[in-house]
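Chemist: query.txt is reproduced in full below (compact mmCIF, C-alpha atoms).
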```
# COMPACT_ATOMS: atom_id res chain seq x y z
CA MET A 1 26.93 -18.34 -7.83
CA PRO A 2 24.09 -16.93 -9.95
CA ALA A 3 20.71 -16.67 -8.27
CA ASP A 4 18.60 -19.81 -8.64
CA ARG A 5 15.40 -18.07 -9.65
CA ASP A 6 13.38 -21.29 -9.74
CA ALA A 7 14.28 -22.20 -6.18
CA VAL A 8 13.52 -18.68 -4.95
CA ALA A 9 10.25 -18.68 -6.90
CA ALA A 10 9.21 -21.96 -5.25
CA CYS A 11 9.96 -20.59 -1.76
CA GLN A 12 8.10 -17.35 -2.44
CA ALA A 13 5.10 -19.24 -3.80
CA GLN A 14 5.07 -21.55 -0.79
CA LEU A 15 4.99 -18.60 1.63
CA LEU A 16 2.32 -16.83 -0.41
CA HIS A 17 0.06 -19.91 -0.51
CA ALA A 18 0.44 -20.35 3.24
CA LEU A 19 -0.34 -16.69 3.94
CA LEU A 20 -3.47 -16.84 1.78
CA ARG A 21 -4.71 -20.03 3.44
CA GLY A 22 -3.51 -19.31 6.96
CA ASP A 23 -1.71 -22.63 7.40
CA GLY A 24 1.03 -24.82 5.98
CA PHE A 25 3.88 -22.39 6.58
CA PRO A 26 7.32 -23.60 5.48
CA ASP A 27 9.71 -24.74 8.24
CA GLY A 28 11.50 -22.08 10.19
CA PHE A 29 8.84 -19.35 10.16
CA ASP A 30 7.63 -18.02 13.51
CA GLY A 31 4.16 -19.56 13.81
CA ARG A 32 2.60 -16.73 15.81
CA MET A 33 3.84 -14.02 13.46
CA ALA A 34 2.92 -16.06 10.38
CA ALA A 35 -0.64 -16.55 11.65
CA ALA A 36 -0.90 -12.83 12.42
CA ALA A 37 0.41 -11.97 8.95
CA SER A 38 -2.13 -14.24 7.30
CA LEU A 39 -4.99 -12.78 9.30
CA ALA A 40 -3.81 -9.23 8.55
CA LEU A 41 -3.66 -10.03 4.85
CA ARG A 42 -7.18 -11.46 4.78
CA ARG A 43 -8.51 -8.58 6.91
CA LYS A 44 -7.01 -6.16 4.40
CA ARG A 45 -8.90 -7.99 1.66
CA ALA A 46 -12.05 -7.80 3.79
CA ARG A 47 -11.66 -4.02 4.14
CA ALA A 48 -11.20 -3.62 0.38
CA VAL A 49 -14.34 -5.69 -0.24
CA ALA A 50 -16.29 -3.67 2.32
CA ARG A 51 -15.24 -0.48 0.52
CA GLY A 52 -16.32 -1.91 -2.84
CA LEU A 53 -19.63 -3.28 -1.57
CA PRO A 54 -20.56 -1.15 1.44
CA ALA A 55 -24.24 -2.14 1.47
CA VAL A 56 -23.37 -5.85 1.47
CA ALA A 57 -20.93 -5.36 4.35
CA GLN A 58 -23.54 -3.36 6.24
CA ALA A 59 -26.24 -5.96 5.65
CA LEU A 60 -24.03 -8.71 7.08
CA GLY A 61 -22.93 -6.55 10.01
CA ALA A 62 -20.78 -8.39 12.54
CA GLN A 63 -21.01 -11.53 10.40
CA PHE A 64 -19.24 -9.89 7.46
CA GLU A 65 -15.67 -10.30 8.66
CA PRO A 66 -15.81 -13.94 9.86
CA LEU A 67 -17.72 -14.97 6.71
CA PHE A 68 -15.25 -13.18 4.46
CA LEU A 69 -12.16 -14.53 6.27
CA GLU A 70 -13.47 -18.05 5.74
CA HIS A 71 -14.07 -17.33 2.04
CA ALA A 72 -10.62 -15.71 1.71
CA ALA A 73 -8.86 -18.76 3.15
CA ARG A 74 -10.44 -20.90 0.44
CA TYR A 75 -10.21 -18.58 -2.56
CA PRO A 76 -7.19 -16.42 -3.38
CA ALA A 77 -7.91 -12.84 -4.41
CA PRO A 78 -8.53 -12.31 -8.12
CA SER A 79 -5.72 -10.57 -9.97
CA LYS A 80 -7.86 -7.51 -10.75
CA PRO A 81 -6.97 -4.79 -8.23
CA GLY A 82 -9.53 -3.44 -5.79
CA GLY A 83 -12.02 -5.43 -3.82
CA LEU A 84 -14.88 -5.54 -6.30
CA GLN A 85 -14.23 -8.84 -8.11
CA ASP A 86 -13.26 -10.42 -4.82
CA GLY A 87 -16.46 -9.10 -3.25
CA LEU A 88 -18.72 -10.25 -6.06
CA ARG A 89 -17.38 -13.77 -5.78
CA PHE A 90 -17.73 -13.70 -2.00
CA ALA A 91 -21.33 -12.48 -2.34
CA ARG A 92 -22.23 -15.57 -4.37
CA SER A 93 -21.54 -17.67 -1.25
CA VAL A 94 -23.73 -15.49 0.97
CA PRO A 95 -27.30 -16.79 1.54
CA GLY A 96 -29.63 -14.40 -0.33
CA GLU A 97 -32.07 -13.99 2.55
CA THR A 98 -29.35 -12.35 4.69
CA LEU A 99 -29.07 -9.44 2.24
CA THR A 100 -31.09 -6.25 2.42
CA ASP A 101 -32.71 -4.60 -0.60
CA ALA A 102 -29.89 -2.06 -0.61
CA ALA A 103 -27.31 -4.85 -0.71
CA ARG A 104 -29.16 -6.65 -3.51
CA THR A 105 -29.39 -3.45 -5.53
CA GLU A 106 -25.71 -2.76 -5.01
CA LEU A 107 -24.71 -6.27 -6.10
CA LEU A 108 -26.88 -6.15 -9.21
CA LEU A 109 -25.56 -2.76 -10.32
CA ARG A 110 -21.97 -3.77 -9.63
CA ARG A 111 -22.39 -7.00 -11.59
CA ALA A 112 -23.60 -4.91 -14.52
CA HIS A 113 -20.12 -3.38 -14.92
CA ARG A 114 -19.37 -5.22 -18.13
CA ARG A 115 -20.11 -4.86 -21.83
CA ALA A 116 -23.37 -6.77 -21.86
CA PHE A 117 -25.46 -7.75 -18.89
CA LEU A 118 -28.97 -8.78 -18.01
CA GLY A 119 -29.89 -9.47 -14.42
CA ALA A 120 -32.70 -9.10 -11.93
CA THR A 121 -33.19 -9.22 -8.20
CA ARG A 122 -36.30 -9.20 -6.03
CA LEU A 123 -36.54 -6.24 -3.67
CA ARG A 124 -38.71 -7.70 -0.95
CA GLY A 125 -39.21 -4.53 1.06
CA ALA A 126 -40.31 -2.49 -1.94
CA GLY A 127 -42.26 -5.36 -3.51
CA ARG A 128 -40.53 -4.75 -6.81
CA LEU A 129 -38.37 -6.63 -9.23
CA LEU A 130 -35.23 -4.70 -10.13
CA VAL A 131 -34.12 -5.42 -13.69
CA VAL A 132 -30.82 -4.18 -15.07
CA LEU A 133 -29.87 -4.43 -18.73
CA ARG A 134 -26.63 -3.23 -20.26
CA LEU A 135 -25.92 -3.43 -23.97
CA PRO A 136 -22.90 -2.19 -25.89
CA LEU A 137 -23.54 1.40 -27.12
CA ALA A 138 -27.01 1.48 -25.55
CA GLY A 139 -25.67 1.80 -22.00
CA LEU A 140 -27.47 0.89 -18.83
CA ARG A 141 -31.25 0.46 -18.51
CA VAL A 142 -32.84 -0.01 -15.10
CA SER A 143 -36.50 -0.78 -14.44
CA ALA A 144 -38.31 -1.83 -11.30
CA PRO A 145 -41.78 -3.19 -12.05
CA ARG A 146 -44.03 -4.15 -9.15
CA CYS A 147 -44.03 -7.84 -8.46
CA ARG A 148 -46.19 -10.13 -6.39
CA ARG A 149 -44.76 -10.51 -2.94
CA LYS A 150 -43.71 -13.97 -1.92
CA ASP A 151 -44.75 -13.30 1.64
CA PRO A 152 -47.85 -11.11 1.87
CA ALA A 153 -47.05 -10.27 5.51
CA GLN A 154 -43.85 -8.43 4.53
CA MET B 1 26.27 14.75 -1.07
CA SER B 2 23.29 15.20 1.24
CA ALA B 3 19.83 13.84 0.56
CA ARG B 4 18.58 17.42 0.21
CA ALA B 5 20.89 17.86 -2.71
CA ILE B 6 19.58 14.80 -4.55
CA SER B 7 15.87 15.23 -3.81
CA PRO B 8 13.63 18.13 -4.81
CA LEU B 9 10.99 17.05 -2.30
CA SER B 10 10.77 19.04 0.91
CA GLY B 11 8.36 20.00 3.64
CA VAL B 12 5.49 17.80 4.74
CA GLY B 13 3.60 15.88 2.08
CA LEU B 14 0.42 13.84 1.92
CA GLY B 15 -0.55 10.70 0.05
CA TRP B 16 -3.29 11.99 -2.24
CA ARG B 17 -6.52 9.96 -1.98
CA PRO B 18 -9.96 10.78 -3.40
CA GLN B 19 -11.30 10.93 0.18
CA LEU B 20 -8.73 13.61 1.03
CA GLU B 21 -9.14 15.76 -2.06
CA THR B 22 -10.91 18.69 -0.44
CA PHE B 23 -8.31 18.70 2.31
CA ALA B 24 -5.49 18.53 -0.24
CA ASP B 25 -7.03 21.50 -2.08
CA ARG B 26 -6.69 23.69 1.00
CA ALA B 27 -3.73 22.30 2.94
CA GLN B 28 -0.29 23.88 2.66
CA LEU B 29 1.50 20.78 1.44
CA GLY B 30 5.15 20.47 0.49
CA PHE B 31 4.49 17.67 -2.02
CA ALA B 32 2.16 14.75 -2.67
CA GLU B 33 2.16 11.15 -3.77
CA VAL B 34 -0.43 9.03 -5.53
CA VAL B 35 -0.77 5.24 -5.62
CA ALA B 36 0.19 4.58 -9.23
CA GLU B 37 -2.20 1.68 -9.79
CA SER B 38 -5.17 3.74 -8.58
CA VAL B 39 -5.13 6.31 -11.39
CA ASP B 40 -5.38 6.24 -15.16
CA PRO B 41 -2.66 8.51 -16.59
CA ARG B 42 -5.00 9.45 -19.46
CA ARG B 43 -7.80 10.47 -17.13
CA LEU B 44 -6.31 12.01 -14.01
CA PRO B 45 -8.89 12.72 -11.29
CA GLY B 46 -9.93 16.38 -11.08
CA GLY B 47 -8.60 16.73 -7.55
CA LEU B 48 -5.18 15.56 -8.64
CA HIS B 49 -5.24 18.06 -11.52
CA ARG B 50 -5.88 20.84 -9.01
CA VAL B 51 -2.94 19.70 -6.86
CA LEU B 52 -0.71 19.75 -9.94
CA ARG B 53 -1.96 23.17 -11.02
CA GLY B 54 -1.08 24.39 -7.54
CA GLY B 55 2.53 23.60 -8.46
CA LEU B 56 3.05 20.63 -6.14
CA ALA B 57 5.34 17.78 -7.06
CA VAL B 58 3.35 14.53 -7.15
CA VAL B 59 5.24 11.23 -6.94
CA PRO B 60 3.69 8.08 -8.45
CA HIS B 61 4.00 5.33 -5.84
CA GLY B 62 3.77 1.84 -7.33
CA VAL B 63 2.63 -1.22 -5.41
CA GLY B 64 2.40 -3.80 -8.19
CA LEU B 65 5.81 -4.18 -9.88
CA SER B 66 6.86 -7.01 -7.55
CA LEU B 67 10.54 -6.04 -7.85
CA GLY B 68 11.45 -8.72 -5.31
CA GLY B 69 9.71 -11.43 -7.34
CA THR B 70 11.54 -13.84 -9.57
CA GLU B 71 9.77 -12.73 -12.74
CA ARG B 72 10.96 -9.72 -14.64
CA PRO B 73 8.77 -6.65 -13.97
CA ASP B 74 5.76 -6.58 -16.28
CA ARG B 75 6.15 -4.21 -19.23
CA ARG B 76 2.56 -2.98 -19.10
CA ARG B 77 2.91 -2.06 -15.44
CA LEU B 78 6.19 -0.29 -16.19
CA ASP B 79 4.62 1.56 -19.12
CA HIS B 80 1.78 2.67 -16.86
CA LEU B 81 4.22 3.95 -14.26
CA ALA B 82 6.34 5.70 -16.88
CA LEU B 83 3.34 7.36 -18.54
CA LEU B 84 2.00 8.47 -15.17
CA ALA B 85 5.37 9.98 -14.26
CA GLN B 86 5.28 11.94 -17.53
CA ARG B 87 1.71 13.12 -17.08
CA LEU B 88 2.42 14.24 -13.53
CA GLN B 89 5.82 15.66 -14.53
CA ALA B 90 7.03 13.77 -11.48
CA PRO B 91 10.62 14.26 -10.30
CA LEU B 92 10.84 10.55 -9.46
CA VAL B 93 8.75 7.41 -8.92
CA SER B 94 8.79 4.96 -6.03
CA GLU B 95 8.20 1.24 -5.57
CA HIS B 96 8.78 -1.44 -2.93
CA ILE B 97 11.43 -3.97 -2.01
CA ALA B 98 8.88 -6.76 -1.97
CA TYR B 99 7.06 -9.36 -3.98
CA VAL B 100 3.30 -9.22 -4.47
CA ARG B 101 2.60 -12.27 -6.63
CA ALA B 102 3.93 -15.75 -7.23
CA ASP B 103 2.68 -18.84 -8.99
CA GLY B 104 -0.05 -16.79 -10.69
CA LEU B 105 -1.52 -15.68 -7.36
CA GLU B 106 -1.84 -12.11 -6.07
CA ALA B 107 -1.00 -11.49 -2.43
CA GLY B 108 -2.89 -8.19 -2.31
CA HIS B 109 -0.11 -7.13 0.03
CA LEU B 110 3.62 -6.36 -0.04
CA LEU B 111 5.50 -9.48 1.03
CA PRO B 112 9.11 -9.47 2.22
CA VAL B 113 11.93 -11.11 0.32
CA ALA B 114 14.56 -13.21 2.07
CA ARG B 115 17.49 -10.95 2.89
CA THR B 116 20.10 -13.03 1.09
CA GLU B 117 22.73 -12.49 -1.59
CA GLU B 118 20.48 -14.42 -3.97
CA SER B 119 17.56 -12.04 -3.39
CA LEU B 120 19.89 -9.07 -3.84
CA GLU B 121 20.94 -10.35 -7.26
CA ILE B 122 17.34 -10.84 -8.36
CA LEU B 123 16.34 -7.42 -7.03
CA CYS B 124 19.30 -5.75 -8.74
CA GLU B 125 18.34 -7.26 -12.10
CA ASN B 126 14.69 -6.29 -11.72
CA VAL B 127 15.51 -2.78 -10.51
CA ALA B 128 17.94 -2.24 -13.40
CA TYR B 129 15.26 -3.42 -15.84
CA ALA B 130 12.71 -1.03 -14.28
CA GLN B 131 15.18 1.87 -14.24
CA ALA B 132 15.86 1.35 -17.95
CA HIS B 133 12.14 1.77 -18.70
CA LEU B 134 11.38 4.71 -16.45
CA PRO B 135 11.88 8.33 -17.51
CA VAL B 136 12.85 9.48 -13.99
CA ALA B 137 14.74 8.20 -10.95
CA LEU B 138 13.37 5.26 -8.97
CA ALA B 139 13.20 5.29 -5.17
CA LEU B 140 12.86 2.01 -3.28
CA GLU B 141 10.91 1.51 -0.07
CA HIS B 142 11.62 -1.20 2.50
CA VAL B 143 8.35 -2.76 3.73
CA ALA B 144 6.80 -3.58 7.09
CA ALA B 145 6.68 -7.36 7.39
CA LEU B 146 5.29 -9.53 10.15
CA VAL B 147 7.07 -12.62 8.83
CA GLU B 148 10.82 -12.96 8.70
CA TRP B 149 12.43 -15.51 6.37
CA PRO B 150 14.32 -18.13 8.37
CA GLY B 151 17.26 -17.96 5.93
CA ASN B 152 17.94 -14.23 6.31
CA GLU B 153 21.67 -13.52 6.00
CA LEU B 154 21.64 -9.72 6.36
CA ASP B 155 19.86 -7.26 8.60
CA GLU B 156 17.47 -4.85 6.92
CA ALA B 157 19.68 -1.74 6.98
CA THR B 158 22.61 -3.64 5.44
CA PHE B 159 20.39 -5.28 2.82
CA VAL B 160 18.83 -1.96 1.77
CA SER B 161 22.22 -0.22 1.76
CA GLU B 162 23.63 -2.91 -0.53
CA LEU B 163 20.67 -2.66 -2.89
CA VAL B 164 20.89 1.13 -3.09
CA ALA B 165 24.65 1.00 -3.60
CA ARG B 166 24.47 -1.62 -6.36
CA THR B 167 21.55 -0.12 -8.31
CA GLY B 168 22.01 3.59 -7.79
CA ALA B 169 18.34 3.74 -6.79
CA LEU B 170 17.17 6.30 -4.23
CA LEU B 171 15.77 5.34 -0.84
CA LEU B 172 12.19 5.89 0.25
CA LEU B 173 12.73 5.63 3.98
CA ASP B 174 9.53 4.57 5.77
CA LEU B 175 9.92 5.34 9.46
CA SER B 176 6.68 3.54 10.35
CA ASN B 177 7.90 0.40 8.62
CA LEU B 178 11.19 0.77 10.45
CA TYR B 179 9.34 1.11 13.75
CA ALA B 180 7.05 -1.83 12.92
CA ASN B 181 9.88 -4.20 12.03
CA ALA B 182 12.00 -3.10 14.98
CA PHE B 183 9.08 -3.54 17.40
CA ASN B 184 7.87 -6.85 15.97
CA HIS B 185 11.28 -8.46 15.57
CA GLY B 186 13.10 -6.96 18.53
CA TRP B 187 15.58 -4.56 16.89
CA ASP B 188 16.65 -1.12 18.04
CA PRO B 189 15.06 1.26 15.51
CA VAL B 190 17.41 4.17 16.25
CA GLU B 191 20.52 2.04 15.83
CA ALA B 192 19.11 0.59 12.59
CA LEU B 193 18.07 4.03 11.31
CA ARG B 194 21.65 5.29 11.42
CA ARG B 195 22.79 2.40 9.23
CA PHE B 196 20.30 3.02 6.39
CA PRO B 197 21.79 4.86 3.37
CA LEU B 198 20.54 8.23 4.62
CA GLU B 199 22.48 10.18 1.99
CA SER B 200 20.29 8.56 -0.71
CA ILE B 201 16.87 9.43 0.70
CA ALA B 202 14.38 10.70 -1.89
CA TYR B 203 11.67 11.25 0.72
CA VAL B 204 10.36 9.80 3.94
CA HIS B 205 7.09 8.02 4.74
CA VAL B 206 5.22 8.04 8.01
CA SER B 207 1.86 6.46 8.77
CA GLY B 208 -0.26 5.30 11.67
CA GLY B 209 -1.01 1.84 12.92
CA VAL B 210 -2.19 -0.15 15.91
CA HIS B 211 -0.75 -2.48 18.51
CA ARG B 212 -2.84 -5.66 18.74
CA ASP B 213 -1.93 -8.71 20.86
CA GLY B 214 1.65 -7.56 21.23
CA ILE B 215 2.13 -7.03 17.49
CA TYR B 216 2.31 -3.67 15.71
CA HIS B 217 0.24 -3.48 12.52
CA ASP B 218 1.07 -0.73 10.03
CA THR B 219 -2.55 -0.15 9.00
CA HIS B 220 -2.38 3.43 7.67
CA ASP B 221 -5.77 4.12 9.28
CA ALA B 222 -4.78 5.59 12.65
CA PRO B 223 -2.75 8.58 13.89
CA VAL B 224 1.05 8.40 13.66
CA LEU B 225 2.53 7.04 16.91
CA PRO B 226 4.71 9.25 19.12
CA GLN B 227 7.42 6.58 18.73
CA VAL B 228 7.41 7.19 14.97
CA LEU B 229 7.49 10.97 15.41
CA ALA B 230 10.54 10.40 17.64
CA LEU B 231 12.17 8.61 14.72
CA VAL B 232 11.38 11.62 12.47
CA GLU B 233 13.18 13.82 15.00
CA GLU B 234 16.08 11.35 15.21
CA LEU B 235 16.41 11.22 11.43
CA PHE B 236 16.61 15.00 11.09
CA ALA B 237 19.11 15.09 13.95
CA VAL B 238 21.49 12.77 12.11
CA ALA B 239 20.81 13.60 8.45
CA ASP B 240 19.95 16.49 6.21
CA ALA B 241 16.75 14.72 5.20
CA PRO B 242 14.28 15.86 2.51
CA GLY B 243 10.46 15.88 2.78
CA VAL B 244 8.28 13.67 4.97
CA LEU B 245 4.97 12.36 3.63
CA LEU B 246 1.99 11.08 5.59
CA GLU B 247 0.20 8.02 4.23
CA ARG B 248 -3.42 7.71 5.35
CA ASP B 249 -5.54 5.05 3.67
CA GLY B 250 -8.61 4.60 5.82
CA ASN B 251 -10.66 5.77 8.80
CA PHE B 252 -10.11 9.31 7.50
CA PRO B 253 -10.05 11.90 10.29
CA PRO B 254 -11.68 15.35 10.32
CA GLU B 255 -9.64 17.95 8.47
CA ASP B 256 -8.47 19.79 11.58
CA GLU B 257 -7.10 16.54 13.04
CA LEU B 258 -5.25 15.77 9.85
CA ALA B 259 -3.85 19.31 9.69
CA ALA B 260 -2.68 18.99 13.30
CA GLU B 261 -0.98 15.69 12.47
CA LEU B 262 0.91 17.28 9.57
CA ARG B 263 2.02 20.09 11.90
CA GLU B 264 3.27 17.51 14.44
CA ILE B 265 5.35 15.84 11.74
CA ALA B 266 6.85 19.19 10.72
CA ALA B 267 7.55 20.03 14.37
CA ALA B 268 9.33 16.71 14.92
CA ALA B 269 11.54 17.35 11.88
CA GLU B 270 12.30 20.87 13.14
CA ARG B 271 13.24 19.56 16.59
CA GLY B 272 15.64 17.12 14.95
CA SER B 273 17.21 19.79 12.74
CA ALA B 274 17.62 22.05 15.79
CA ARG B 275 19.40 19.23 17.63
CA ALA B 276 21.67 18.78 14.63
CA ASP B 277 22.50 22.48 14.58
CA ARG B 278 23.43 22.36 18.26
CA SER B 279 25.81 19.45 17.77
CA ARG B 280 27.29 20.44 14.45
CA ASP B 281 30.47 18.52 15.05
CA ALA B 282 28.88 15.21 15.98
CA PRO B 283 30.59 12.49 13.94
CA THR B 284 27.38 10.83 12.70
CA ARG B 285 26.20 14.12 11.31
CA ALA B 286 29.50 14.86 9.66
CA VAL B 287 29.03 11.72 7.59
CA VAL B 288 25.61 12.44 6.19
CA ARG B 289 25.06 16.17 6.59
CA ALA B 290 27.23 17.60 3.90
CA ARG B 291 27.37 21.37 4.02
```
Spit out the file's structure as structure tokens when you get a sec.
Modeler:
Amino acid sequence: MPADRDAVAACQAQLLHALLRGDGFPDGFDGRMAAAASLALRRKRARAVARGLPAVAQALGAQFEPLFLEHAARYPAPSKPGGLQDGLRFARSVPGETLTDAARTELLLRRAHRRAFLGATRLRGAGRLLVVLRLPLAGLRVSAPRCRRKDPAQ
Amino acid sequence: MSARAISPLSGVGLGWRPQLETFADRAQLGFAEVVAESVDPRRLPGGLHRVLRGGLAVVPHGVGLSLGGTERPDRRRLDHLALLAQRLQAPLVSEHIAYVRADGLEAGHLLPVARTEESLEILCENVAYAQAHLPVALALEHVAALVEWPGNELDEATFVSELVARTGALLLLDLSNLYANAFNHGWDPVEALRRFPLESIAYVHVSGGVHRDGIYHDTHDAPVLPQVLALVEELFAVADAPGVLLERDGNFPPEDELAAELREIAAAAERGSARADRSRDAPTRAVVRAR
């Protein structure tokens, strides 16, 4: 009997969805091992993201892994390899005030990895506004003018 | 024919990573491997160029073909692998017996296929398609998997033997994956090892991992376990095996620790070969150690 590719594809997709989410495993799988596999898969994603955005991971500290695992259960990894795209999407869900200046700088510079980009972030510690502009052919321009601090005590 | 006769890879090798490039420059390696998706064949990293200039064989190791998936391997990924093999003048390339995407989603991990006749047919078609597009031989690696498909019909050694026999592909024997699956699913790794197609080995992988909550995780970021080194010894006692390569992907150790680990791997292989020499007439050895 020739292989029924559609049926196999459906089974493989069902297992993959369950592993990404961490629940809804098809009948017959060992629940303990399946849960461990799902956690291992999301932890691997977390490590790749931490490598791509080390300052963000450092800023979140012990909160990084639980926050990322929750994000990973909801959003499958983007098809682009490496943890950068995954990390940039995760970072959008992180409250801005939990990030350090180093993490904000890292995110802004990483987001600028495209043909054209204009973005800015407030560096509270330094009291500066970091502005990054990238244009085709012109390359990357970075400036950090002083800005009025929101909180004069900082 | 023995595996040594079909594979030019010998000694102890190392998975080349940017973090290990200064170590790779100085270490006395037998060969190397590079994750195919991590390098651009048109712009090889300088460290990899130095390894090549030193005369080492470098094997491109793919993780993205999804040979166990139901879709035909992607031509662009195959072209990338083929071009990389040419640029590296690699003696062979390797990939996994696994699927990594389905339904438009990426797993970011190597997932096991059900060990059934149906999966074998799909794998055989995909492997044949890949082989037709690659300029050099393809070696297939069995993966470490925490989940087992409930419908499995064959054990891993039988499944891999069938696949190798039907496709003519070489075997990338991963002793850490063998240990992981045996430990996590309650098999005897030594008994299983003897039933893999040892005469078709292109090279051997070892890596480190951790035991957590009664489960072994093949994390590639810890030292190789003594249990895995024992399997290296066992392999060389029963087969005329080619080179053994260490995969280290994170938590990189100081250079002297890494050098010591490579020496331990070599010593385990030598102990196995010495055992084989002492029992030259053992029947298992007669099968796979052709002289």
Chemist: Select from chain B every residue with an atom at most 6 Å from any atom of chain A, then for each give the shortest pair of atoms and their distance in Å to one decimal, using all atoms listed in the file, rows by chain and rising number, as CSV.
Modeler:
```
residue,atom,partner,partner_atom,distance
B:Thr70,CA,A:Ala9,CA,5.7
B:Ala102,CA,A:Ala13,CA,5.0
B:Asp103,CA,A:Ala13,CA,5.7
B:Glu106,CA,A:Ser79,CA,5.7
B:Glu118,CA,A:Ala3,CA,4.9
B:Leu146,CA,A:Ala37,CA,5.6
B:Val147,CA,A:Ala34,CA,5.6
B:Pro150,CA,A:Gly28,CA,5.2
```
Chemist: Fewer than 4 positions away in the same chain doesn't count, so skip those; otherwise give me all residues within 10 Å of B:Arg195, counting all atoms listed in the file, as a PyMOL selection string.
Modeler: chain B and resi 156-158+160-161+190-191
Chemist: Might you pull out every residue within 6 Å of stretch 115-130 of chain A, with only C-alpha atoms counted and same-chain residues fewer than 5 positions away left off, and present them as a list in words?
Modeler: Asp101, Leu135, Pro136, Ser143, Ala144, Pro145, Arg146, Cys147 and Arg149 of chain A
Chemist: Mind giving me the straight-line distance from atom CA of B:Glu270 to atom CA of B:Asp240 in Å, one decimal?
Modeler: 11.2 Å
Chemist: Taking 4 positions as the minimum chain separation for residues in the same chain, which residues sit within 7 Å of B:Ala169 when counting all atoms listed in the file? Answer as a CSV table (one decimal) with C-alpha atoms, in the frame of the given file.
Modeler:
```
chain,number,residue,atom,x,y,z
B,138,LEU,CA,13.4,5.3,-9.0
B,139,ALA,CA,13.2,5.3,-5.2
B,140,LEU,CA,12.9,2.0,-3.3
B,164,VAL,CA,20.9,1.1,-3.1
```
Chemist: Which of these residues is nearest to A:Leu39, using only C-alpha atoms: A:Ala73, A:Leu60, A:Ala103, A:Leu53?
Modeler: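 Among the listed residues, A:Ala73 lies closest to A:Leu39.
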Chemist: Skip B:Gly46 itself and residues of its chain fewer than 4 positions away, then list as a compact mmCIF listing (two decimals) with C-alpha atoms, in the frame of the given file all residues within 12 Å of it, counting all atoms listed in the file.
Modeler:
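Contents of the output file out.txt:
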```txt
# COMPACT_ATOMS: atom_id res chain seq x y z
CA TRP B 16 -3.29 11.99 -2.24
CA ARG B 17 -6.52 9.96 -1.98
CA PRO B 18 -9.96 10.78 -3.40
CA GLU B 21 -9.14 15.76 -2.06
CA THR B 22 -10.91 18.69 -0.44
CA ALA B 24 -5.49 18.53 -0.24
CA ASP B 25 -7.03 21.50 -2.08
CA VAL B 39 -5.13 6.31 -11.39
CA ASP B 40 -5.38 6.24 -15.16
CA ARG B 42 -5.00 9.45 -19.46
CA ARG B 50 -5.88 20.84 -9.01
CA VAL B 51 -2.94 19.70 -6.86
CA LEU B 52 -0.71 19.75 -9.94
CA ARG B 53 -1.96 23.17 -11.02
```
Chemist: List the neighbours of stretch 58-63 of chain B out to 8 Å using all atoms listed in the file; skip same-chain residues closer than 2 positions along the sequence, and give me the result as an NGL selection string.
Modeler: :B and (31-37 or 52 or 56 or 65-66 or 81 or 84-85 or 88-96 or 110)
Chemist: Please work out which residues fall within 10 Å of (7.2, 17.1, 12.8), coordinates as given in the file, with all atoms listed in the file counting, and return them as a ChimeraX atom specification.
Modeler: /B:11-12,229-230,232-233,236,244,261-272
Chemist: Calculated over all atoms listed in the file, which of the candidates B:Arg101, B:His109, B:Arg75, B:Arg248 has the smallest distance to B:Gln131?
Modeler: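 Selected residue with least distance to B:Gln131: B:Arg75.
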Chemist: List as an MDAnalysis selection string the residues having at least one atom at most 12 Å from position (-18.7, -12.5, 6.4) as given in the file, counting only C-alpha atoms.
Modeler: chainID A and resid 42:43 45:47 49:50 56:72 87 90:95 98:99
Chemist: Mind dumping the selected residues with C-alpha atoms as an mmCIF file, in the coordinates of the input?
Modeler:
```cif
data_model
loop_
_atom_site.group_PDB
_atom_site.id
_atom_site.type_symbol
_atom_site.label_atom_id
_atom_site.label_comp_id
_atom_site.auth_asym_id
_atom_site.auth_seq_id
_atom_site.Cartn_x
_atom_site.Cartn_y
_atom_site.Cartn_z
ATOM 1 C CA ARG A 42 -7.180 -11.460 4.780
ATOM 2 C CA ARG A 43 -8.510 -8.580 6.910
ATOM 3 C CA ARG A 45 -8.900 -7.990 1.660
ATOM 4 C CA ALA A 46 -12.050 -7.800 3.790
ATOM 5 C CA ARG A 47 -11.660 -4.020 4.140
ATOM 6 C CA VAL A 49 -14.340 -5.690 -0.240
ATOM 7 C CA ALA A 50 -16.290 -3.670 2.320
ATOM 8 C CA VAL A 56 -23.370 -5.850 1.470
ATOM 9 C CA ALA A 57 -20.930 -5.360 4.350
ATOM 10 C CA GLN A 58 -23.540 -3.360 6.240
ATOM 11 C CA ALA A 59 -26.240 -5.960 5.650
ATOM 12 C CA LEU A 60 -24.030 -8.710 7.080
ATOM 13 C CA GLY A 61 -22.930 -6.550 10.010
ATOM 14 C CA ALA A 62 -20.780 -8.390 12.540
ATOM 15 C CA GLN A 63 -21.010 -11.530 10.400
ATOM 16 C CA PHE A 64 -19.240 -9.890 7.460
ATOM 17 C CA GLU A 65 -15.670 -10.300 8.660
ATOM 18 C CA PRO A 66 -15.810 -13.940 9.860
ATOM 19 C CA LEU A 67 -17.720 -14.970 6.710
ATOM 20 C CA PHE A 68 -15.250 -13.180 4.460
ATOM 21 C CA LEU A 69 -12.160 -14.530 6.270
ATOM 22 C CA GLU A 70 -13.470 -18.050 5.740
ATOM 23 C CA HIS A 71 -14.070 -17.330 2.040
ATOM 24 C CA ALA A 72 -10.620 -15.710 1.710
ATOM 25 C CA GLY A 87 -16.460 -9.100 -3.250
ATOM 26 C CA PHE A 90 -17.730 -13.700 -2.000
ATOM 27 C CA ALA A 91 -21.330 -12.480 -2.340
ATOM 28 C CA ARG A 92 -22.230 -15.570 -4.370
ATOM 29 C CA SER A 93 -21.540 -17.670 -1.250
ATOM 30 C CA VAL A 94 -23.730 -15.490 0.970
ATOM 31 C CA PRO A 95 -27.300 -16.790 1.540
ATOM 32 C CA THR A 98 -29.350 -12.350 4.690
ATOM 33 C CA LEU A 99 -29.070 -9.440 2.240
#
```
